[in-house]
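Colleague: File final38.cif follows (mmCIF, C-alpha atoms):
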```cif
data_coords
loop_
_atom_site.label_atom_id
_atom_site.label_comp_id
_atom_site.auth_asym_id
_atom_site.auth_seq_id
_atom_site.Cartn_x
_atom_site.Cartn_y
_atom_site.Cartn_z
CA MET H 1 1.59 15.03 10.67
CA LYS H 2 0.49 11.51 9.74
CA GLN H 3 2.74 8.53 10.34
CA PHE H 4 3.24 5.24 8.51
CA ARG H 5 0.65 3.52 10.69
CA HIS H 6 -2.02 5.97 9.55
CA TYR H 7 -1.48 5.10 5.90
CA ILE H 8 -1.57 1.30 6.32
CA SER H 9 -5.33 1.05 5.85
CA GLU H 10 -5.56 3.98 3.43
CA VAL H 11 -3.03 3.11 0.73
CA SER H 12 -3.82 0.13 -1.48
CA GLY H 13 -1.15 -2.52 -0.99
CA LEU H 14 0.57 -0.94 2.02
CA GLN H 15 -1.14 -3.32 4.45
CA TYR H 16 0.14 -6.19 2.29
CA VAL H 17 3.67 -4.77 2.42
CA TYR H 18 3.48 -4.28 6.18
CA GLU H 19 2.19 -7.79 6.85
CA ASN H 20 4.92 -9.35 4.72
CA LEU H 21 7.76 -7.26 6.11
CA LYS H 22 9.84 -9.62 8.25
CA ILE H 23 10.61 -7.34 11.17
CA CYS H 24 11.61 -9.43 14.19
CA SER H 25 11.37 -7.01 17.12
CA SER H 26 8.36 -5.15 18.44
CA LEU H 27 10.46 -1.99 18.68
CA GLY H 28 11.51 -2.28 15.02
CA ARG H 29 7.86 -2.51 14.04
CA SER H 30 7.00 0.40 16.33
CA LEU H 31 9.70 2.59 14.78
CA LEU H 32 8.27 1.93 11.31
CA GLN H 33 4.71 2.57 12.46
CA HIS H 34 5.67 5.99 13.83
CA GLN H 35 7.86 7.00 10.91
CA LEU H 36 6.97 10.22 9.10
CA LEU H 37 6.84 10.62 5.34
CA CYS H 38 10.24 11.91 4.20
CA SER H 39 10.64 14.44 1.39
CA LYS H 40 14.32 15.25 1.91
CA PRO H 41 16.43 13.85 -0.97
CA ASP H 42 19.62 13.48 1.07
CA LEU H 43 17.90 11.42 3.78
CA LEU H 44 16.14 9.22 1.23
CA LYS H 45 19.36 8.59 -0.67
CA GLU H 46 21.12 7.71 2.57
CA GLU H 47 18.42 5.12 3.37
CA PHE H 48 18.54 3.58 -0.11
CA ASP H 49 22.33 3.33 0.10
CA LYS H 50 22.01 1.56 3.46
CA ILE H 51 19.59 -0.98 1.97
CA GLU H 52 21.95 -1.58 -0.95
CA LYS H 53 24.89 -2.21 1.38
CA HIS H 54 22.78 -4.46 3.60
CA ILE H 55 21.67 -6.55 0.61
CA ALA H 56 25.34 -7.08 -0.21
CA PHE H 57 25.96 -8.04 3.44
CA GLN H 58 23.08 -10.55 3.37
CA LYS H 59 24.56 -12.21 0.28
CA LYS H 60 28.11 -12.20 1.63
CA SER H 61 27.39 -13.29 5.21
CA PRO H 62 24.18 -15.37 5.37
CA ASP H 63 25.21 -17.12 8.59
CA ALA H 64 25.81 -13.80 10.31
CA VAL H 65 22.40 -12.57 9.15
CA ARG H 66 20.71 -15.67 10.55
CA SER H 67 22.41 -15.05 13.91
CA LEU H 68 21.34 -11.42 13.86
CA VAL H 69 17.74 -12.40 13.17
CA MET H 70 17.75 -14.72 16.18
CA ASP H 71 19.05 -11.86 18.34
CA PHE H 72 16.48 -9.43 16.93
CA HIS H 73 13.75 -11.74 18.20
CA GLU H 74 15.19 -11.32 21.72
CA ILE H 75 15.01 -7.52 21.68
CA ASN H 76 12.17 -6.16 23.81
CA ASP H 77 10.94 -2.59 23.96
CA ILE H 78 12.55 -1.42 27.21
CA ARG H 79 12.38 2.31 26.51
CA GLN H 80 10.42 2.96 29.72
CA THR H 81 12.97 1.07 31.80
CA ILE H 82 15.78 3.12 30.28
CA LEU H 83 13.79 6.28 30.95
CA ASN H 84 13.44 5.23 34.60
CA LEU H 85 17.19 4.67 34.75
CA ARG H 86 17.84 8.08 33.21
CA PHE H 87 15.89 9.79 36.01
CA LEU H 88 17.37 7.53 38.70
CA HIS H 89 14.12 5.79 39.59
CA ILE H 90 15.26 2.70 41.46
CA LEU H 91 14.92 -0.29 39.13
CA ASP H 92 13.14 -3.40 40.36
CA ASP H 93 14.22 -6.96 39.55
CA ILE H 94 12.16 -7.13 36.37
CA GLU H 95 13.66 -3.90 35.05
CA LEU H 96 17.18 -5.00 35.99
CA PHE H 97 16.49 -8.27 34.17
CA GLU H 98 15.35 -6.32 31.09
CA VAL H 99 18.54 -4.29 31.06
CA LYS H 100 20.69 -7.40 31.52
CA LYS H 101 18.91 -9.35 28.80
CA PHE H 102 19.19 -6.47 26.36
CA ALA H 103 22.84 -5.83 27.18
CA LEU H 104 23.67 -9.51 26.53
CA ALA H 105 21.84 -9.48 23.19
CA SER H 106 23.37 -6.14 22.23
CA GLN H 107 26.86 -7.38 23.01
CA HIS H 108 26.28 -10.51 20.94
CA ILE H 109 25.05 -8.41 18.00
CA LEU H 110 28.10 -6.15 18.35
CA GLY H 111 30.35 -9.21 18.10
CA ILE H 112 28.59 -10.42 14.95
CA LEU H 113 28.89 -7.01 13.30
CA GLN H 114 32.56 -6.68 14.23
CA ASP H 115 33.41 -10.19 13.02
CA SER H 116 31.59 -9.50 9.75
CA HIS H 117 33.26 -6.07 9.33
CA TYR H 118 29.80 -4.55 9.03
CA GLU H 119 29.67 -0.78 8.62
CA GLY H 120 26.79 1.53 9.29
CA ALA H 121 25.38 0.39 12.65
CA PRO H 122 27.89 1.35 15.38
CA LEU H 123 26.93 -0.02 18.77
CA HIS H 124 28.29 0.93 22.17
CA ASP H 125 30.21 -1.68 24.15
CA LEU H 126 27.95 -2.69 27.04
CA SER H 127 30.36 -5.13 28.69
CA LYS H 128 30.50 -2.99 31.86
CA VAL H 129 26.71 -3.09 32.12
CA ILE H 130 26.86 -6.88 31.88
CA GLN H 131 29.55 -7.03 34.57
CA LEU H 132 27.35 -5.04 36.92
CA LEU H 133 24.30 -7.24 36.37
CA ASP H 134 26.09 -10.56 36.07
CA PRO H 135 28.58 -10.70 38.96
CA GLU H 136 28.74 -14.50 38.78
CA GLY H 137 29.65 -14.43 35.06
CA SER H 138 26.91 -16.86 34.03
CA ARG H 139 25.96 -14.86 30.90
CA ILE H 140 22.38 -16.09 31.36
CA ALA H 141 19.43 -13.77 30.74
CA HIS H 142 18.19 -13.99 34.31
CA PHE H 143 18.42 -11.63 37.26
CA TYR H 144 18.00 -11.57 41.01
CA VAL H 145 19.99 -9.80 43.72
CA TYR H 146 22.97 -12.12 43.76
CA SER H 147 24.77 -12.93 47.00
CA ALA H 148 27.96 -12.05 45.14
CA TYR H 149 26.99 -8.37 45.42
CA ASP H 150 27.61 -8.27 49.16
CA GLU H 151 29.37 -10.72 51.43
CA ASN H 152 27.15 -9.65 54.32
CA LEU H 153 24.07 -10.54 52.25
CA ALA H 154 25.63 -13.90 51.45
CA ALA H 155 26.26 -14.58 55.14
CA LEU H 156 22.74 -13.43 56.07
CA ARG H 157 21.12 -15.72 53.52
CA LYS H 158 23.16 -18.62 54.90
CA ARG H 159 21.96 -17.84 58.41
CA ILE H 160 18.35 -17.76 57.16
CA GLN H 161 18.74 -21.24 55.70
CA GLU H 162 20.20 -22.53 58.96
CA THR H 163 17.63 -20.88 61.26
CA GLU H 164 14.76 -23.10 62.35
CA ASP H 165 12.92 -20.57 64.50
CA ALA H 166 10.20 -19.02 62.31
CA ALA H 167 10.08 -15.68 64.12
CA ARG H 168 13.83 -15.28 63.95
CA ARG H 169 13.83 -16.31 60.27
CA ASP H 170 11.24 -13.59 59.54
CA GLU H 171 13.48 -11.00 61.19
CA LEU H 172 16.46 -12.13 59.13
CA ASN H 173 14.37 -12.14 55.95
CA PHE H 174 13.35 -8.54 56.64
CA GLN H 175 17.01 -7.58 57.06
CA ALA H 176 17.82 -9.33 53.79
CA LEU H 177 15.08 -7.42 51.98
CA GLN H 178 16.49 -4.15 53.25
CA MET H 179 19.95 -5.11 52.05
CA GLU H 180 18.53 -6.13 48.65
CA ASP H 181 16.76 -2.77 48.31
CA SER H 182 20.03 -1.02 49.09
CA ILE H 183 21.80 -3.08 46.43
CA ARG H 184 19.10 -2.24 43.83
CA GLN H 185 19.57 1.44 44.59
CA LYS H 186 23.34 1.14 44.24
CA LEU H 187 22.99 -0.82 40.97
CA THR H 188 20.67 1.86 39.59
CA GLU H 189 23.25 4.53 40.47
CA LEU H 190 26.08 2.51 38.91
CA LEU H 191 24.04 1.84 35.75
CA HIS H 192 22.86 5.43 35.41
CA PRO H 193 25.90 6.67 33.40
CA TYR H 194 25.10 4.05 30.73
CA TRP H 195 21.46 5.02 30.08
CA LYS H 196 22.31 6.93 26.89
CA ASN H 197 24.40 4.05 25.52
CA LEU H 198 21.55 1.66 26.25
CA GLN H 199 19.07 3.95 24.53
CA ASP H 200 21.34 4.42 21.50
CA ASN H 201 21.88 0.68 21.10
CA LEU H 202 18.20 -0.07 21.49
CA THR H 203 17.27 2.36 18.72
CA ARG H 204 20.13 1.32 16.42
CA ILE H 205 19.34 -2.39 16.75
CA ALA H 206 15.66 -1.75 16.04
CA LEU H 207 16.63 0.27 12.96
CA LEU H 208 19.00 -2.52 11.90
CA ASP H 209 16.14 -5.00 12.26
CA LEU H 210 13.95 -2.79 10.06
CA LEU H 211 16.76 -2.32 7.55
CA ASN H 212 17.29 -6.08 7.37
CA ALA H 213 13.57 -6.58 6.69
CA LYS H 214 13.57 -3.93 3.95
CA ALA H 215 16.60 -5.52 2.29
CA GLN H 216 15.09 -9.00 2.48
CA MET H 217 11.84 -7.77 0.94
CA ALA H 218 13.74 -5.96 -1.82
CA VAL H 219 15.43 -9.21 -2.84
CA GLU H 220 12.42 -11.51 -2.46
CA TRP H 221 10.03 -9.18 -4.32
CA ASN H 222 12.55 -8.05 -6.93
CA LEU H 223 12.20 -4.40 -5.96
CA CYS H 224 14.57 -1.78 -7.34
CA LYS H 225 16.68 0.93 -5.76
CA PRO H 226 15.06 4.22 -6.78
CA THR H 227 17.04 7.29 -7.69
CA ILE H 228 16.08 10.77 -6.57
CA ALA H 229 14.69 12.90 -9.39
CA ASP H 230 14.19 16.65 -9.45
CA LYS H 231 11.65 17.39 -12.19
CA LYS H 232 10.28 14.16 -13.65
CA SER H 233 9.31 10.77 -12.18
CA THR H 234 10.05 7.81 -14.44
CA PHE H 235 8.92 4.24 -13.87
CA GLN H 236 9.98 1.24 -15.91
CA GLN H 237 7.95 -1.94 -15.52
CA LEU H 238 5.98 -0.60 -12.58
CA PHE H 239 3.88 -3.22 -10.77
CA HIS H 240 1.61 -3.62 -7.77
CA PRO H 241 2.97 -6.43 -5.51
CA GLU H 242 -0.34 -7.44 -3.97
CA VAL H 243 -2.21 -7.55 -7.28
CA ALA H 244 0.69 -9.34 -8.97
CA THR H 245 0.73 -12.01 -6.24
CA ARG H 246 -3.02 -12.47 -6.42
CA LEU H 247 -2.83 -12.98 -10.19
CA LYS H 248 0.12 -15.35 -9.85
CA ASN H 249 -1.86 -17.49 -7.40
CA ARG H 250 -4.55 -17.77 -10.08
CA GLY H 251 -2.02 -18.82 -12.69
CA GLU H 252 -2.05 -15.41 -14.37
CA SER H 253 0.61 -12.75 -14.79
CA PHE H 254 0.68 -9.05 -14.01
CA GLN H 255 1.50 -6.76 -16.91
CA ALA H 256 3.86 -4.09 -15.65
CA VAL H 257 3.74 -0.65 -17.24
CA ASP H 258 6.12 2.16 -18.13
CA ILE H 259 5.05 5.69 -17.27
CA GLU H 260 6.56 9.15 -16.84
CA LEU H 261 5.12 11.97 -14.76
CA GLU H 262 6.11 15.59 -15.30
CA ASN H 263 5.17 18.86 -13.66
CA GLY H 264 1.69 19.08 -15.09
CA PRO H 265 -1.33 16.82 -15.60
CA CYS H 266 -1.43 13.52 -17.43
CA LEU H 267 -4.81 12.23 -18.59
CA ILE H 268 -5.22 8.45 -18.89
CA THR H 269 -8.15 7.14 -20.89
CA GLY H 270 -9.35 3.60 -21.36
CA ALA H 271 -12.42 1.43 -21.13
CA ASN H 272 -13.59 -0.14 -17.90
CA MET H 273 -11.45 -3.12 -16.83
CA SER H 274 -8.50 -1.64 -18.74
CA GLY H 275 -6.34 -1.29 -15.64
CA LYS H 276 -6.44 2.49 -15.16
CA THR H 277 -7.21 2.20 -11.46
CA VAL H 278 -4.43 -0.34 -10.90
CA VAL H 279 -1.97 2.08 -12.50
CA LEU H 280 -3.00 4.78 -10.02
CA LYS H 281 -2.80 2.36 -7.09
CA SER H 282 0.65 1.24 -8.23
CA LEU H 283 1.85 4.84 -8.51
CA THR H 284 0.42 5.69 -5.09
CA LEU H 285 1.95 2.71 -3.32
CA THR H 286 5.30 3.26 -5.00
CA GLN H 287 5.43 6.94 -4.02
CA TYR H 288 4.66 6.10 -0.40
CA LEU H 289 7.21 3.28 -0.27
CA PHE H 290 9.79 5.59 -1.84
CA GLN H 291 9.19 8.31 0.74
CA PHE H 292 9.23 5.84 3.62
CA GLY H 293 12.65 4.65 2.48
CA PHE H 294 11.80 1.35 0.76
CA TYR H 295 12.99 -0.05 -2.52
CA VAL H 296 10.10 0.18 -4.99
CA PRO H 297 8.12 -2.25 -7.20
CA ALA H 298 9.60 -1.52 -10.60
CA GLU H 299 12.48 -2.56 -12.83
CA ALA H 300 13.87 0.96 -12.56
CA ALA H 301 12.55 4.20 -11.09
CA ALA H 302 13.59 7.83 -10.73
CA ILE H 303 11.13 9.58 -8.41
CA VAL H 304 10.52 13.17 -7.36
CA PRO H 305 9.88 13.56 -3.60
CA VAL H 306 6.76 15.58 -2.75
CA ASP H 307 5.30 17.13 0.36
CA VAL H 308 1.80 15.70 0.03
CA ILE H 309 0.42 12.69 -1.84
CA PHE H 310 -3.24 12.75 -2.82
CA CYS H 311 -4.88 9.60 -4.12
CA ILE H 312 -8.60 9.84 -4.79
CA ILE H 313 -9.81 6.47 -6.01
CA ASP H 314 -13.19 5.91 -4.38
CA ASP H 315 -15.65 7.47 -1.96
CA THR H 316 -15.22 5.06 0.92
CA GLN H 317 -15.45 7.92 3.39
CA SER H 318 -18.80 9.19 2.12
CA GLU H 319 -20.92 6.86 4.20
CA LYS H 320 -19.10 7.84 7.37
CA HIS H 321 -19.77 11.50 6.79
CA GLY H 322 -23.27 11.08 5.38
CA LEU H 323 -22.22 12.77 2.14
CA SER H 324 -22.91 11.84 -1.45
CA SER H 325 -20.08 10.46 -3.59
CA PHE H 326 -19.92 13.66 -5.58
CA ALA H 327 -19.83 15.83 -2.45
CA VAL H 328 -16.82 13.87 -1.18
CA GLU H 329 -15.13 14.27 -4.57
CA VAL H 330 -15.63 18.03 -4.43
CA LEU H 331 -14.15 18.21 -0.93
CA ASN H 332 -11.16 16.10 -1.98
CA ILE H 333 -10.51 18.19 -5.08
CA ASN H 334 -10.77 21.34 -2.99
CA ASP H 335 -8.16 19.91 -0.58
CA ILE H 336 -5.79 19.31 -3.49
CA ILE H 337 -6.22 22.82 -4.88
CA ALA H 338 -5.88 24.46 -1.46
CA THR H 339 -2.69 22.51 -0.77
CA VAL H 340 -1.27 23.43 -4.17
CA LYS H 341 -2.07 27.11 -3.63
CA SER H 342 -0.35 26.96 -0.24
CA GLY H 343 2.92 26.35 -2.06
CA ARG H 344 3.47 22.73 -1.07
CA LYS H 345 4.72 20.22 -3.63
CA VAL H 346 1.92 17.81 -4.48
CA LEU H 347 1.41 14.53 -6.30
CA ALA H 348 -2.28 14.23 -7.22
CA LEU H 349 -3.72 10.94 -8.48
CA VAL H 350 -7.44 11.05 -9.25
CA ASP H 351 -9.47 8.12 -10.59
CA GLU H 352 -12.56 8.71 -12.75
CA LEU H 353 -13.14 12.27 -11.61
CA ALA H 354 -16.82 13.34 -11.59
CA ARG H 355 -17.92 9.84 -12.55
CA THR H 356 -21.08 10.12 -10.44
CA THR H 357 -22.49 13.21 -12.10
CA ASN H 358 -23.99 13.69 -15.57
CA PRO H 359 -21.56 13.46 -18.55
CA ASP H 360 -21.87 17.10 -19.59
CA GLU H 361 -21.03 18.50 -16.17
CA GLY H 362 -18.53 15.70 -15.62
CA LYS H 363 -16.52 16.78 -18.66
CA ARG H 364 -16.53 20.37 -17.47
CA ILE H 365 -15.28 19.37 -14.03
CA VAL H 366 -12.49 17.20 -15.47
CA ASN H 367 -11.52 20.02 -17.84
CA ALA H 368 -11.43 22.54 -15.00
CA PHE H 369 -9.34 20.30 -12.75
CA VAL H 370 -6.84 19.49 -15.50
CA GLN H 371 -6.55 23.19 -16.33
CA MET H 372 -5.83 23.96 -12.65
CA MET H 373 -3.15 21.29 -12.49
CA GLN H 374 -1.62 22.68 -15.69
CA LYS H 375 -1.68 26.27 -14.42
CA TYR H 376 0.10 25.40 -11.18
CA GLY H 377 2.42 22.79 -12.68
CA VAL H 378 1.20 20.00 -10.42
CA MET H 379 2.51 16.50 -11.07
CA SER H 380 -0.82 14.73 -11.46
CA VAL H 381 -2.62 11.85 -13.13
CA VAL H 382 -6.34 11.82 -13.89
CA THR H 383 -8.10 8.79 -15.31
CA THR H 384 -11.39 9.21 -17.12
CA HIS H 385 -13.89 7.46 -19.33
CA TYR H 386 -15.16 10.80 -20.62
CA GLY H 387 -14.34 11.75 -24.18
CA GLY H 388 -14.01 15.31 -25.42
CA ILE H 389 -11.70 16.60 -22.69
CA GLN H 390 -10.22 19.71 -24.31
CA ALA H 391 -7.84 20.88 -21.58
CA LYS H 392 -4.18 21.04 -22.50
CA CYS H 393 -2.28 18.13 -21.03
CA ARG H 394 -0.26 15.03 -21.76
CA ARG H 395 -2.50 12.12 -22.76
CA LEU H 396 -2.04 8.38 -22.41
CA ARG H 397 -4.36 5.61 -23.50
CA VAL H 398 -4.57 2.02 -22.27
CA ASN H 399 -4.26 -0.24 -25.31
CA GLY H 400 -7.15 -2.41 -24.12
CA LEU H 401 -8.58 -5.54 -25.78
CA ARG H 402 -6.42 -7.20 -28.41
CA VAL H 403 -9.35 -8.52 -30.42
CA ASP H 404 -7.19 -9.46 -33.40
CA GLU H 405 -5.22 -11.89 -31.20
CA VAL H 406 -8.25 -13.82 -29.97
CA SER H 407 -7.78 -17.51 -30.73
CA ASP H 408 -10.64 -18.89 -28.67
CA THR H 409 -13.80 -17.72 -26.95
CA ILE H 410 -13.25 -14.81 -24.57
CA THR H 411 -14.79 -15.41 -21.16
CA PRO H 412 -14.74 -13.58 -17.83
CA HIS H 413 -12.10 -16.09 -16.75
CA ASN H 414 -9.62 -15.57 -19.58
CA ILE H 415 -10.25 -11.96 -20.61
CA ASN H 416 -7.01 -10.82 -18.96
CA ARG H 417 -5.07 -12.81 -21.57
CA TYR H 418 -6.39 -10.49 -24.25
CA MET H 419 -6.08 -7.20 -22.38
CA ASP H 420 -3.06 -5.03 -23.17
CA TYR H 421 -2.52 -2.80 -20.14
CA SER H 422 0.40 -0.88 -21.64
CA LEU H 423 0.11 2.89 -21.96
CA VAL H 424 0.62 4.71 -25.25
CA GLU H 425 0.80 8.40 -26.08
CA THR H 426 -2.21 9.80 -27.86
CA ASN H 427 -3.38 13.18 -29.16
CA SER H 428 -7.02 12.17 -29.32
CA ASP H 429 -9.58 13.45 -26.86
CA GLU H 430 -11.78 10.40 -27.44
CA VAL H 431 -11.80 7.26 -25.32
CA PRO H 432 -11.83 3.62 -26.46
CA ALA H 433 -15.37 2.26 -26.95
CA GLU H 434 -15.11 -1.24 -25.50
CA ALA H 435 -17.87 -1.21 -22.90
CA LEU H 436 -20.43 -3.06 -25.06
CA ARG H 437 -17.84 -5.60 -26.13
CA ILE H 438 -17.02 -6.33 -22.50
CA ALA H 439 -20.74 -6.53 -21.68
CA GLU H 440 -21.08 -9.19 -24.38
CA ILE H 441 -18.15 -11.14 -22.97
CA PHE H 442 -19.84 -11.14 -19.58
CA HIS H 443 -23.03 -12.51 -21.17
CA ALA H 444 -25.25 -9.51 -20.57
CA ASP H 445 -28.91 -10.05 -21.42
CA GLU H 446 -29.38 -10.18 -25.23
CA GLU H 447 -32.44 -7.96 -25.22
CA PHE H 448 -30.58 -5.43 -23.09
CA LEU H 449 -27.58 -5.52 -25.46
CA ALA H 450 -29.86 -5.06 -28.49
CA LEU H 451 -31.39 -1.95 -26.96
CA ALA H 452 -27.93 -0.62 -26.02
CA THR H 453 -26.62 -0.96 -29.58
CA GLU H 454 -29.59 0.74 -31.28
#
```
Can you turn what I pasted into structure tokens?

Modeller:
Amino acid sequence: MKQFRHYISEVSGLQYVYENLKICSSLGRSLLQHQLLCSKPDLLKEEFDKIEKHIAFQKKSPDAVRSLVMDFHEINDIRQTILNLRFLHILDDIELFEVKKFALASQHILGILQDSHYEGAPLHDLSKVIQLLDPEGSRIAHFYVYSAYDENLAALRKRIQETEDAARRDELNFQALQMEDSIRQKLTELLHPYWKNLQDNLTRIALLDLLNAKAQMAVEWNLCKPTIADKKSTFQQLFHPEVATRLKNRGESFQAVDIELENGPCLITGANMSGKTVVLKSLTLTQYLFQFGFYVPAEAAAIVPVDVIFCIIDDTQSEKHGLSSFAVEVLNINDIIATVKSGRKVLALVDELARTTNPDEGKRIVNAFVQMMQKYGVMSVVTTHYGGIQAKCRRLRVNGLRVDEVSDTITPHNINRYMDYSLVETNSDEVPAEALRIAEIFHADEEFLALATE
């Protein structure tokens, strides 16, 4: 089964989310990367509730959060060291240092959580681990075999310092090394009972780091807490964070959309540049974020969990496989249908199906796919520029160019001001005819335009 890391480069906007997620520890990032898509409503609700509580904690205790973040930066991935401890492999100085450093950070985090009356991330008390690895009580993240472990070792080290004879000093040093090895073995045995507590704390702190990053992103990006739906997904003011940011940097604004998806197909029509593809990308990203336990980019959302998410937007894989665009489309559509027939719950999002074949066959293919989605009750969205699609389905149309509101000359640089990306219900099987108008705006050759309008 694919993990979060596999989707980063596949899902539009997920790389942007990942890069802007302020996870402090390498282990926190690793846990997210290896997370599986979740379709269990109770687990998703539990995660959303945790984020909600953590947002409240961030607002109530900002100083505590800042301290936690500093500690998160100190957390290293010491899973292998803990595994060695579990199986009583004698730890070397570096591994003992790793355990000591983590135990100190863990204990500090525990104190912050207790002082802040934080609920939801119980940590084990590792004070006994610290006592074992810090016999001098320095509370410094540093380790060597201290003389305080053994009075005989302390006396031997003193003799080494006082001995001038090199040969004799080498003998004493060898004896000291043997004593140090014995102490490392004893420390490993004494630490062994705490391996599970160390492992638990390591995982819980990494998850807390990830939770803190999710909560911070939810606030900074104005994401909403989704509710779990059973039959219908509803999105109010759905937006795509990466596209919205890119537009904002250009001094433009992103027009969010409202959309509902039911068990069955929804056909979206609209001219080129009308935002159909962005709607699909927004739906895809939102569904993935939802099922990876994130707040979602919308004003409000009620979302149905699914087993498999299909998003077919382009044929980027065709070159790798040496296949034509249409051949890749056929394979993708076949994957959707096979998965549906296997009984798994599917969300299918398909952009401009059969766009690379001739219009007559293209219409037939779109009709057939929509009919299949209707027959099996598959929550699905298909965008198309083909008119005359007769299959029974819900239909939406992008409003498109608001020509009557034009107050100056439309150019490629300001056309977005006059595009209405909102979706409206329609019963028509025809699509808006705005292609030539857009070609004029982009200053297509006049002779070419004249021939096109004949």

Colleague: Which residues would end up in the selection if the PyMOL selection byres ((chain H and resi 146-150) around 10) were applied here, given that I need the answer as a list in words?

Modeller: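 On the file shown, the PyMOL selection byres ((chain H and resi 146-150) around 10) covers Leu132, Leu133, Asp134, Pro135, Glu136, Phe143, Tyr144, Val145, Glu151, Asn152, Leu153, Ala154, Ala155, Leu156, Arg157, Lys158, Met179, Glu180, Ile183 and Leu187 of chain H.
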
Colleague: Can you tell me how far atom CA of H:Gln131 sits from atom CA of H:Leu202, in Å to one decimal?

Modeller: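 Rounded to one decimal, the two atoms are 18.7 Å apart.
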
Colleague: Residues around (20.1, 4.9, -2.5), cut-off 10 Å, counting only C-alpha atoms - what are they as a list in words?

Modeller: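 Residues with an atom close enough to that point: Pro41, Asp42, Leu43, Leu44, Lys45, Glu46, Glu47, Phe48, Asp49, Lys50, Ile51, Glu52, Lys53, Cys224, Lys225, Pro226, Thr227, Ile228, Gly293, Phe294 and Tyr295 of chain H.
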
Colleague: Please evaluate the PyMOL selection byres ((chain H and resi 34) around 8) against the structure above and give the resulting residues as an NGL selection string.

Modeller: :H and (3-5 or 30-33 or 35-36)

Colleague: Please return as a ChimeraX atom specification every residue within 12 Å of (0.5, 3.3, -12.9), taking into account all atoms listed in the file and the file's own coordinates.

Modeller: /H:233-240,255-261,266-268,274-287,297-298,349-351,380-383,396-398,421-423

Colleague: What is the atom CA of H:Lys40 to atom CA of H:Phe290 distance in Å?

Modeller: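 One can read the atom CA of H:Lys40 to atom CA of H:Phe290 distance as 11.3 Å.
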
Colleague: Once the PyMOL selection byres ((chain H and resi 195) around 12) has been evaluated on this model, what residues remain selected, and can you format them as a PDB file with C-alpha atoms, keeping the file's coordinate frame?

Modeller:
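Written file, expr.pdb:
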```
ATOM      1  CA  ILE H  78      12.550  -1.420  27.210  1.00  0.00           C
ATOM      2  CA  ARG H  79      12.380   2.310  26.510  1.00  0.00           C
ATOM      3  CA  GLN H  80      10.420   2.960  29.720  1.00  0.00           C
ATOM      4  CA  THR H  81      12.970   1.070  31.800  1.00  0.00           C
ATOM      5  CA  ILE H  82      15.780   3.120  30.280  1.00  0.00           C
ATOM      6  CA  LEU H  83      13.790   6.280  30.950  1.00  0.00           C
ATOM      7  CA  ASN H  84      13.440   5.230  34.600  1.00  0.00           C
ATOM      8  CA  LEU H  85      17.190   4.670  34.750  1.00  0.00           C
ATOM      9  CA  ARG H  86      17.840   8.080  33.210  1.00  0.00           C
ATOM     10  CA  PHE H  87      15.890   9.790  36.010  1.00  0.00           C
ATOM     11  CA  LEU H  88      17.370   7.530  38.700  1.00  0.00           C
ATOM     12  CA  VAL H  99      18.540  -4.290  31.060  1.00  0.00           C
ATOM     13  CA  ALA H 103      22.840  -5.830  27.180  1.00  0.00           C
ATOM     14  CA  HIS H 124      28.290   0.930  22.170  1.00  0.00           C
ATOM     15  CA  LEU H 126      27.950  -2.690  27.040  1.00  0.00           C
ATOM     16  CA  VAL H 129      26.710  -3.090  32.120  1.00  0.00           C
ATOM     17  CA  THR H 188      20.670   1.860  39.590  1.00  0.00           C
ATOM     18  CA  GLU H 189      23.250   4.530  40.470  1.00  0.00           C
ATOM     19  CA  LEU H 190      26.080   2.510  38.910  1.00  0.00           C
ATOM     20  CA  LEU H 191      24.040   1.840  35.750  1.00  0.00           C
ATOM     21  CA  HIS H 192      22.860   5.430  35.410  1.00  0.00           C
ATOM     22  CA  PRO H 193      25.900   6.670  33.400  1.00  0.00           C
ATOM     23  CA  TYR H 194      25.100   4.050  30.730  1.00  0.00           C
ATOM     24  CA  LYS H 196      22.310   6.930  26.890  1.00  0.00           C
ATOM     25  CA  ASN H 197      24.400   4.050  25.520  1.00  0.00           C
ATOM     26  CA  LEU H 198      21.550   1.660  26.250  1.00  0.00           C
ATOM     27  CA  GLN H 199      19.070   3.950  24.530  1.00  0.00           C
ATOM     28  CA  ASP H 200      21.340   4.420  21.500  1.00  0.00           C
ATOM     29  CA  ASN H 201      21.880   0.680  21.100  1.00  0.00           C
ATOM     30  CA  LEU H 202      18.200  -0.070  21.490  1.00  0.00           C
TER      31      LEU H 202
END
```

Colleague: For a quick check of understanding, using all atoms listed in the file, which of H:Asp77, H:Val17, H:Asp63, H:Ile333 has the smallest distance to H:Val243?

Modeller: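 Ranked by minimum distance to H:Val243, first place goes to H:Val17.
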
Colleague: Given the choices H:Glu262, H:Ser12, H:Asp92, H:Thr163, which gets closest to H:Ala229 if the distance is worked out from all atoms listed in the file?

Modeller: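 Answer, going by the shortest atom-to-atom distance: H:Glu262.
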